[in-house]
Structure formats: C-alpha cells, structure tokens
Amino acid sequence: MFRSLRFLFLSVFLCSGVFAQRPGEAFQVSTLDALSLGLFQGSMTFSELREHGDFGVGTFDSLDGEMIALEGRFFQARSDGTVSRVENDTTTPFALVTKFKASQSIAIRGPVTRQQVFDIIDQMLASKNYFYAVKIHGAFSSVTARSVPKQFQPYSTLADAIAQQAVFPLRNVRGTLVGFRSPAFVKGINQVGYHFHFISDDQKAGGHALDFIAADVLVEIETLRQHSTFLPDTQPFREAPLPLP
C-alpha cells in the first residue's frame with residue numbers, strides 16, 4: 001500500500017540489552033477516565049512533573065489548554081491560539097511524560113497522511129503490547145490542531161469541554177509532533193493507540209493534533225516497558241465512579 005510513497009529508512013535498531021538493563025519508563029498523572037468525568041483539578045506541579053520526564057503531553061488545571069513537553073521545555077497552547085512556557089507552580093490534572101531517548105528512527109518523505117504515518121510506525125514496532133514514545137519532526141503540509149478553553153466549576157465532562165474547542169488549521173509549517181502509542185489493555189487509564197500534540201518550530205502555534213499531512217519528517221521512537229501512575233489525593237478522585245462503563 002506504500003508503493004506510491006517515497007520513504008527512506010535511516011536507521012531501525014532495537015537495543016534489547018539496553019532495555020533489559022534500564023527499560024524506558026512512562027510516568028502518568030491521573031487517568032483518562034477521571035479526566036473524562038470532569039476531574040480537572042490540578043494534582044501535581046510542573047516542577048514535580050519535570051523530575052519524571054522531558055517529553056510528553058497533558059493538560060492544565062481547569063483544562064486550560066494543551067501541554068507539550070519537548071527537550072525539557074514545557075509549553076501551554078491555549079484556546080485563544082497563544083503558546084507560552086509553563087511556570088513551575090502551574091499544576092496538571094492529567095499528563096504522560098518520559099525521559100525520551102530514541103531506539104528506532106525512520107525518515108519519511110511524503111506527502112503522507114496521518115493514518116499512513118501510523119501504519120508505517122506500526123510496522124516497526126516489536127509488539128503492540130508496549131507503550132511507545134513517538135517524536136515526529138520536520139515539514140508538514142498541514143496540521144489541524146485544537147485547544148480547549150479553561151473550564152469553571154462545577155466542571156462538566158471532558159466531552160462537553162471538547163465541544164467548545166478552538167481549531168487551528170496550520171499550513172506548510174515546520175514543527176514537532178510529541179506523543180505516545182498506548183496498548184489496548186490500558187483503556188480507561190490512557191488513550192488507546194496514538195495521541196499527539198503539536199508545537200511549531202517558532203513556538204507560536206500548537207495544540208492537540210487532530211490530523212496532519214507530513215511532507216518530510218523524521219520519526220523517532222522509544223519503547224517504554226515501565227509505566228507508573230500518580231493518583232490524585234483529592235476528594236473528587238476518591239469519590240469518582242471509576243472505571244467508566
């Protein structure tokens with residue numbers, strides 16, 4: 001199905017010995033089910049979160065925008081289209097981060113769609129039962145990003161908040177997709193499959209990536225065989241009817 005695509009494998013290597021000694025680790029704040037119910041209260045500061053990773057995705061207290069962590073820099077993409085650096089005392093109700101170190105890479109020369117990129121990556125994976133951190137950097141013909149406006153108590157559900165989203169169509173932009181591929185058995189804990197946030201190279205645009213067409217990109221992948229979840233010590237979380245049906 002990829003005969004019409006021109007893509008160059010730069011390097012594909014698995015360091016099984018390295019994984020055996022120190023496997024990559026994903027660190028998560030709260031659960032997707034909790035966020036879906038409307039538990040938007042921040043439970044960990046970004047000063048604390050930075051200790052667990054330099055690469056990742058998430059959101060902010062009161063669901064105030066999309067979080068992108070790249071090379072140790074944490075960004076907040078708000079629904080008004082602005083992007084800013086995150087202060088250490090800001091808190092997050094939901095995030096997934098890792099200390100990113102790629103173990104596989106591939107260069108893709110497009111144009112290729114979001115699904116075609118996912119299909120290429122899937123062919124590279126040793127198993128669909130692991131977590132993977134995925135970094136995609138380069139030129140994009142288009143990226144459709146979104147952000148959700150700040151919510152106010154009493155909080156509604158995540159679905160209601162997303163219905164208020166602002167969508168940003170970006171064209172001919174260079175930047176980075178930061179994201180993860182999560183295995184099917186963590187449904188309710190995290191989003192199954194791929195989840196990407198985007199940040200432009202000039203740090204002026206970003207958000208949750210709804211769709212994209214890659215023009216000329218480098219894909220880097222890290223296998224994550226450890227996963228830990230920090231659960232909020234709050235009354236809303238303690239009383240939440242989890243898991244969701």
# chains A, B, ... in the order shown; residues from 1 in each chain; ligands from 1

$ closest_atom_pairs --of "region 17-86 of chain A" --to "region 145-166 of chain A" --cutoff "10 Å" --atoms "only C-alpha atoms" --output "JSON lines"
{"residue": "A:Leu32", "atom": "CA", "partner": "A:Leu158", "partner_atom": "CA", "distance": 9.6}
{"residue": "A:Asp33", "atom": "CA", "partner": "A:Leu158", "partner_atom": "CA", "distance": 9.5}
{"residue": "A:Ala34", "atom": "CA", "partner": "A:Leu158", "partner_atom": "CA", "distance": 9.4}
{"residue": "A:Leu35", "atom": "CA", "partner": "A:Leu158", "partner_atom": "CA", "distance": 6.4}
{"residue": "A:Ser36", "atom": "CA", "partner": "A:Leu158", "partner_atom": "CA", "distance": 4.6}
{"residue": "A:Leu37", "atom": "CA", "partner": "A:Thr157", "partner_atom": "CA", "distance": 5.0}
{"residue": "A:Gly38", "atom": "CA", "partner": "A:Thr157", "partner_atom": "CA", "distance": 4.4}
{"residue": "A:Leu39", "atom": "CA", "partner": "A:Tyr155", "partner_atom": "CA", "distance": 7.5}
{"residue": "A:Phe40", "atom": "CA", "partner": "A:Tyr155", "partner_atom": "CA", "distance": 7.4}
{"residue": "A:Gln41", "atom": "CA", "partner": "A:Tyr155", "partner_atom": "CA", "distance": 9.3}
{"residue": "A:Thr59", "atom": "CA", "partner": "A:Val148", "partner_atom": "CA", "distance": 9.4}
{"residue": "A:Phe60", "atom": "CA", "partner": "A:Lys150", "partner_atom": "CA", "distance": 8.8}
{"residue": "A:Asp61", "atom": "CA", "partner": "A:Lys150", "partner_atom": "CA", "distance": 8.3}
{"residue": "A:Ser62", "atom": "CA", "partner": "A:Gln151", "partner_atom": "CA", "distance": 5.1}
{"residue": "A:Leu63", "atom": "CA", "partner": "A:Lys150", "partner_atom": "CA", "distance": 5.4}
{"residue": "A:Asp64", "atom": "CA", "partner": "A:Lys150", "partner_atom": "CA", "distance": 4.0}
{"residue": "A:Gly65", "atom": "CA", "partner": "A:Ser147", "partner_atom": "CA", "distance": 5.4}
{"residue": "A:Glu66", "atom": "CA", "partner": "A:Ser147", "partner_atom": "CA", "distance": 5.9}
{"residue": "A:Met67", "atom": "CA", "partner": "A:Ser147", "partner_atom": "CA", "distance": 9.6}
{"residue": "A:Gln76", "atom": "CA", "partner": "A:Ser147", "partner_atom": "CA", "distance": 9.7}
{"residue": "A:Ala77", "atom": "CA", "partner": "A:Ser147", "partner_atom": "CA", "distance": 6.7}
{"residue": "A:Arg78", "atom": "CA", "partner": "A:Ser147", "partner_atom": "CA", "distance": 5.9}
{"residue": "A:Ser79", "atom": "CA", "partner": "A:Ser147", "partner_atom": "CA", "distance": 4.7}
{"residue": "A:Asp80", "atom": "CA", "partner": "A:Ala166", "partner_atom": "CA", "distance": 7.5}
{"residue": "A:Gly81", "atom": "CA", "partner": "A:Ser147", "partner_atom": "CA", "distance": 8.0}

$ residues_around --residues "Thr98 (chain A)" --least-positions-apart "5" --cutoff "6 Å" --atoms "only C-alpha atoms" --output "PDB file with N, CA and C atoms, in the first residue's frame"
ATOM      1  N   ALA A  26       7.298   5.305  31.276  1.00  0.00           N
ATOM      2  CA  ALA A  26       6.277   6.334  31.138  1.00  0.00           C
ATOM      3  C   ALA A  26       5.731   6.663  32.526  1.00  0.00           C
ATOM      4  N   GLY A  53      10.117  13.478  33.543  1.00  0.00           N
ATOM      5  CA  GLY A  53      10.245  13.411  32.093  1.00  0.00           C
ATOM      6  C   GLY A  53      10.495  14.758  31.454  1.00  0.00           C
ATOM      7  N   PHE A  55       9.629  14.976  27.969  1.00  0.00           N
ATOM      8  CA  PHE A  55       8.910  14.792  26.703  1.00  0.00           C
ATOM      9  C   PHE A  55       7.528  14.267  27.039  1.00  0.00           C
TER      10      PHE A  55
END

$ residues_around --residues "Val117 (chain A)" --least-positions-apart "4" --cutoff "12 Å" --atoms "only C-alpha atoms" --output "JSON, numbers by chain"
{"A": [2, 5, 7, 106, 107, 108, 109, 110, 111, 112, 113, 121, 122, 123, 124, 134, 135, 136, 177, 194, 211, 212, 213, 214, 215, 216, 217, 218, 219]}

$ atom_distance --atom1 "CA of Leu231 (chain A)" --atom2 "CA of Ser103 (chain A)"
29.3 Å

$ residues_around --residues "Tyr132 (chain A)" --least-positions-apart "5" --cutoff "8 Å" --atoms "only C-alpha atoms" --output "PyMOL selection string"
chain A and resi 180-182+221-224

$ residues_around --residues "region 201-205 of chain A" --least-positions-apart "5" --cutoff "6 Å" --atoms "only C-alpha atoms" --output "list of chain:residue names"
A:Val83, A:Arg174, A:Gly175

$ select_by_dssp --residues "region 10-226 of chain A" --states "strand (DSSP E or B)" --output "ChimeraX atom specification"
/A:10-12,24-29,44-45,55-59,66-70,73-77,83-85,91-92,95-98,104-113,131-147,166-182,187,190,193-200,206-226

$ closest_residue --among "A:Ser142, A:Gln104, A:Ser84, A:Gln191" --to "Arg171 (chain A)" --atoms "only C-alpha atoms"
A:Ser142

$ closest_residue --among "A:Asp89, A:Gly179, A:Ala133, A:Glu25" --to "His197 (chain A)" --atoms "only C-alpha atoms"
A:Gly179

$ select_by_dssp --residues "region 27-99 of chain A" --states "helix (DSSP H, G or I)" --output "list in words"
Leu32, Asp33, Ala34, Leu35, Ser36, Leu37, Phe46, Ser47, Glu48, Leu49, Asp61, Ser62 and Leu63 of chain A

$ closest_residue --among "A:Phe230, A:Phe140, A:Tyr130, A:Phe118" --to "Ala184 (chain A)" --atoms "only C-alpha atoms"
A:Tyr130

$ closest_residue --among "A:Asp119, A:Val192, A:Phe46, A:Lys99" --to "Phe74 (chain A)" --atoms "only C-alpha atoms"
A:Phe46

$ decode --residues "region 167-219 of chain A" --atoms "C-alpha atoms" --output "compact mmCIF listing (two decimals), in the first residue's frame"
# COMPACT_ATOMS: atom_id res chain seq x y z
CA VAL A 167 -9.50 24.54 15.98
CA PHE A 168 -6.34 25.88 14.33
CA PRO A 169 -5.67 24.86 10.69
CA LEU A 170 -1.93 25.23 10.06
CA ARG A 171 -0.43 25.11 6.56
CA ASN A 172 3.15 24.50 5.40
CA VAL A 173 4.53 24.51 8.91
CA ARG A 174 7.67 23.07 10.48
CA GLY A 175 7.39 21.63 13.93
CA THR A 176 7.21 18.56 16.15
CA LEU A 177 4.50 16.07 16.96
CA VAL A 178 5.02 14.84 20.52
CA GLY A 179 3.08 11.77 21.50
CA PHE A 180 2.60 8.20 22.57
CA ARG A 181 1.15 4.94 21.39
CA SER A 182 -0.59 3.13 24.26
CA PRO A 183 -1.61 -0.56 24.29
CA ALA A 184 -5.25 -1.65 24.19
CA PHE A 185 -5.23 -3.08 27.72
CA VAL A 186 -4.87 0.38 29.30
CA LYS A 187 -8.27 1.56 28.10
CA GLY A 188 -9.61 3.93 30.74
CA ILE A 189 -6.11 4.59 32.05
CA ASN A 190 -4.92 6.33 28.90
CA GLN A 191 -5.96 6.83 25.30
CA VAL A 192 -5.52 3.59 23.39
CA GLY A 193 -3.45 3.96 20.22
CA TYR A 194 -1.80 7.19 19.14
CA HIS A 195 -2.12 10.55 20.90
CA PHE A 196 -0.15 13.55 19.60
CA HIS A 197 0.26 17.20 20.47
CA PHE A 198 2.00 19.65 18.11
CA ILE A 199 4.39 22.56 18.62
CA SER A 200 5.74 24.66 15.75
CA ASP A 201 9.48 25.31 15.49
CA ASP A 202 8.88 29.01 16.15
CA GLN A 203 6.84 28.09 19.26
CA LYS A 204 3.96 30.27 18.08
CA ALA A 205 1.39 27.56 17.31
CA GLY A 206 0.39 24.28 18.87
CA GLY A 207 -2.25 22.08 20.43
CA HIS A 208 -3.75 18.62 20.30
CA ALA A 209 -3.15 17.22 16.80
CA LEU A 210 -6.47 16.16 15.28
CA ASP A 211 -4.99 15.49 11.84
CA PHE A 212 -1.88 16.13 9.76
CA ILE A 213 -0.17 15.54 6.43
CA ALA A 214 3.59 15.05 6.71
CA ALA A 215 5.80 16.37 3.91
CA ASP A 216 9.35 15.49 5.03
CA VAL A 217 9.77 14.26 8.58
CA LEU A 218 11.98 12.21 10.87
CA VAL A 219 10.15 9.79 13.15
